[in-house]
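Trainee: To be precise about what I am sending: the file is called input_9.txt and holds compact mmCIF, C-alpha atoms.
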```
# COMPACT_ATOMS: atom_id res chain seq x y z
CA MET A 13 132.23 105.96 43.35
CA HIS A 14 135.75 105.49 44.59
CA ARG A 15 136.78 104.25 47.97
CA GLU A 16 140.26 104.36 49.39
CA GLY A 17 142.48 102.05 47.35
CA GLU A 18 140.14 102.05 44.34
CA GLU A 19 141.81 104.85 42.38
CA ASP A 20 142.01 102.73 39.20
CA ALA A 21 138.33 101.78 39.29
CA PRO A 22 136.18 103.34 36.55
CA ASP A 23 134.13 106.30 37.69
CA GLU A 24 130.41 106.77 37.14
CA ASP A 25 130.87 108.70 33.88
CA ASP A 26 133.11 105.94 32.50
CA ILE A 27 130.50 103.29 33.31
CA LEU A 28 127.65 105.29 31.80
CA ALA A 29 129.71 105.94 28.65
CA PHE A 30 130.50 102.22 28.43
CA LEU A 31 126.79 101.42 28.66
CA ASP A 32 125.92 104.05 26.07
CA ASN A 33 128.40 102.44 23.65
CA ARG A 34 126.76 99.04 24.21
CA ARG A 35 123.18 100.18 23.73
CA GLY A 36 121.36 97.45 21.80
CA ILE A 37 123.95 94.87 22.87
CA LEU A 38 123.37 94.86 26.64
CA ASP A 39 119.94 94.75 28.25
CA GLY A 40 120.90 95.27 31.85
CA VAL A 41 123.46 95.77 34.57
CA CYS A 42 124.18 93.71 37.67
CA ILE A 43 125.39 95.73 40.64
CA SER A 44 127.36 93.50 42.95
CA GLY A 45 130.11 93.87 45.48
CA GLY A 46 131.56 93.62 48.14
CA GLU A 47 128.31 95.05 49.39
CA PRO A 48 126.97 97.73 47.04
CA LEU A 49 124.46 99.04 49.59
CA CYS A 50 127.41 100.44 51.58
CA HIS A 51 127.61 103.22 48.99
CA PRO A 52 125.20 106.07 49.85
CA GLU A 53 125.32 107.31 46.25
CA LEU A 54 124.06 103.98 44.86
CA PRO A 55 120.40 105.01 44.40
CA ASP A 56 121.40 108.00 42.25
CA PHE A 57 123.69 105.79 40.17
CA MET A 58 120.99 103.14 39.74
CA LYS A 59 118.55 105.85 38.60
CA LYS A 60 121.02 106.99 35.95
CA ILE A 61 121.35 103.42 34.70
CA HIS A 62 117.56 103.04 34.61
CA ASP A 63 117.15 106.41 32.89
CA ALA A 64 119.62 105.21 30.25
CA GLY A 65 117.19 102.36 29.48
CA PHE A 66 118.90 99.43 31.19
CA SER A 67 117.42 96.93 33.64
CA VAL A 68 119.18 96.72 37.00
CA LYS A 69 119.84 93.63 39.13
CA LEU A 70 121.13 94.17 42.65
CA ASP A 71 123.16 91.58 44.57
CA THR A 72 123.18 92.19 48.34
CA ASN A 73 123.94 90.48 51.63
CA GLY A 74 120.94 92.17 53.26
CA CYS A 75 122.86 93.99 55.99
CA HIS A 76 121.56 97.45 55.00
CA PRO A 77 117.76 97.26 54.99
CA ALA A 78 117.23 101.04 55.01
CA ALA A 79 119.23 101.41 51.80
CA LEU A 80 117.42 98.43 50.29
CA ALA A 81 114.04 99.94 51.24
CA GLU A 82 114.98 103.21 49.51
CA ILE A 83 115.88 101.36 46.32
CA LEU A 84 112.75 99.21 46.38
CA GLU A 85 110.44 102.15 47.07
CA ALA A 86 112.00 104.18 44.24
CA GLY A 87 111.66 101.27 41.79
CA LEU A 88 115.38 101.30 41.00
CA ALA A 89 115.93 97.52 40.99
CA ASP A 90 114.26 95.15 38.55
CA TYR A 91 115.58 92.09 40.36
CA VAL A 92 117.33 91.50 43.69
CA ALA A 93 119.43 88.48 44.64
CA MET A 94 120.12 88.30 48.35
CA ASP A 95 122.66 86.00 49.95
CA VAL A 96 121.38 84.38 53.12
CA LYS A 97 124.50 83.02 54.76
CA ASN A 98 122.91 80.55 57.19
CA ALA A 99 120.14 79.99 59.72
CA PRO A 100 119.78 82.90 62.17
CA ALA A 101 121.27 80.91 65.06
CA ARG A 102 124.43 80.17 63.02
CA TYR A 103 124.81 83.49 61.21
CA ALA A 104 127.58 84.92 63.41
CA GLU A 105 129.62 81.74 63.08
CA THR A 106 129.14 81.67 59.32
CA VAL A 107 130.07 85.31 58.67
CA GLY A 108 132.96 85.09 61.12
CA ILE A 109 131.80 88.01 63.29
CA PRO A 110 131.22 87.03 66.93
CA GLY A 111 127.96 88.47 68.21
CA PHE A 112 126.72 89.40 64.72
CA ASN A 113 123.03 90.28 64.92
CA PRO A 114 121.12 88.98 61.87
CA ALA A 115 118.17 91.34 62.52
CA PRO A 116 119.08 93.60 59.54
CA VAL A 117 119.19 90.53 57.30
CA GLU A 118 115.77 89.48 58.59
CA GLU A 119 114.42 92.97 57.86
CA SER A 120 115.79 92.80 54.29
CA ILE A 121 114.10 89.42 53.82
CA ARG A 122 110.82 90.95 55.00
CA LEU A 123 111.21 93.95 52.68
CA LEU A 124 111.82 91.77 49.65
CA ARG A 125 108.97 89.38 50.43
CA LYS A 126 106.46 92.24 50.64
CA SER A 127 107.84 94.11 47.60
CA THR A 128 106.67 93.80 44.01
CA VAL A 129 110.25 93.39 42.77
CA ASP A 130 111.35 89.97 41.55
CA TYR A 131 113.89 88.46 43.93
CA GLU A 132 115.69 85.34 44.98
CA PHE A 133 117.36 84.21 48.18
CA ARG A 134 120.47 82.12 47.78
CA THR A 135 122.86 80.31 50.06
CA THR A 136 126.32 79.03 49.29
CA LEU A 137 126.59 75.72 51.07
CA VAL A 138 129.77 74.89 52.95
CA ARG A 139 130.04 71.40 54.39
CA GLU A 140 131.64 72.65 57.61
CA LEU A 141 129.00 75.36 58.19
CA HIS A 142 125.68 73.97 56.97
CA ARG A 143 123.65 71.04 58.27
CA PRO A 144 120.32 69.82 56.88
CA GLU A 145 118.48 71.38 59.81
CA ASP A 146 120.11 74.75 59.01
CA LEU A 147 118.60 74.62 55.53
CA ASP A 148 115.18 73.96 57.08
CA ALA A 149 115.69 76.98 59.35
CA ILE A 150 116.73 79.17 56.42
CA ALA A 151 113.64 78.12 54.48
CA ALA A 152 111.40 78.86 57.46
CA TRP A 153 113.04 82.25 57.93
```
In C-alpha cells, what does this structure look like?
Mentor:
Amino acid sequence: MHREGEEDAPDEDDILAFLDNRRGILDGVCISGGEPLCHPELPDFMKKIHDAGFSVKLDTNGCHPAALAEILEAGLADYVAMDVKNAPARYAETVGIPGFNPAPVEESIRLLRKSTVDYEFRTTLVRELHRPEDLDAIAAW
C-alpha cells in the first residue's frame, strides 16, 4: 500500500511476514494514519491480518463512512477508536477547512453506535478550540 512519496514504507508482504515472525508475541495490530480509510485496499489487508490470527484495531477520523461501514459489516475490526474533533458547529474551524461539512463524521458516529464492534470516541482538547459547551455538544452528538 504505497502512496506517492512512500517508496520506503514496508509493503503488505513485509508487514504480514513481520507479524508471522511475532506470532505468540503480538496479539493484535492497530491500523492508524493519516487516515487509513483513504486506502481502498484496506479491507483486504485487514482480512489478511485477521486470517493470520491477529485482532485489529482501527483508528479513524470518521470522514469515510462508506469504507467504515464495509469494514464493520465484514467484521474486520475488533475495536474502533474515532477522533471527534469538536462540536458540529465548530468542526470546520477545528479541522482548518472552511465550509467543512461534518455530515460524514456524524454518519460514522451513527454506524459505530449501532454496530456490535467495541468502540470509543475521543477528542484531543485544545484550549484555543474547545469550550465547556463544545464538550457538551460533542457528548450530545
Trainee: For a quick check of understanding, using only C-alpha atoms, which of A:Met58, A:Ala101, A:Cys75, A:Val92 has the smallest distance to Val117 in chain A?
Mentor: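 Closest to Val117 in chain A of all the choices is A:Cys75.
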Trainee: Just how far from CA of Val96 in chain A is CA of Gly46 in chain A, in Å to one decimal?
Mentor: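 Answer for the CA of Gly46 in chain A to CA of Val96 in chain A separation: 14.6 Å.
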Trainee: Taking into account only C-alpha atoms, which residue in the set A:Thr136, A:Asp39, A:Glu105, A:Asp95 is nearest to Ser120 in chain A?
Mentor: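 The answer is A:Asp95, which sits nearest to Ser120 in chain A.
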Trainee: Measure the distance from CA of Thr135 in chain A to CA of Ile121 in chain A in Å and round it to one decimal.
Mentor: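 Answer for the CA of Thr135 in chain A to CA of Ile121 in chain A separation: 13.2 Å.
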Trainee: Rank A:Val41, A:Val138, A:Ile150, A:Met94 by their smallest atom-to-atom distance to Gly65 in chain A, using only C-alpha atoms, and report the top residue only.
Mentor: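 Nearest candidate to Gly65 in chain A out of A:Val41, A:Val138, A:Ile150, A:Met94: A:Val41.
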Trainee: Nearest to His142 in chain A: which of A:Asn98, A:Asn113, A:Thr72, A:Ser67 is it, counting only C-alpha atoms?
Mentor: A:Asn98
Trainee: Hey, can you pull every residue with an atom no more than 12 Å from (111.8, 93.8, 47.2), using all atoms listed in the file, and send it as a VMD selection string?
Mentor: chain A and resid 69 to 72 74 77 to 94 119 to 133
Trainee: Counting only C-alpha atoms, figure out which residue out of A:Phe30, A:Trp153, A:Tyr103, A:Phe57 gets nearest to Ile43 in chain A.
Mentor: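 For Ile43 in chain A, the nearest of the candidates is A:Phe57.
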Trainee: To one decimal place, how far is CA of Arg139 in chain A from CA of Pro48 in chain A in Å?
Mentor: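 Computing the Euclidean distance for CA of Arg139 in chain A and CA of Pro48 in chain A yields 27.5 Å.
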Trainee: Determine the nearest neighbour of Gly36 in chain A from the options A:Asp56, A:Glu24, A:Arg102, A:Phe66, counting all atoms listed in the file.
Mentor: A:Phe66
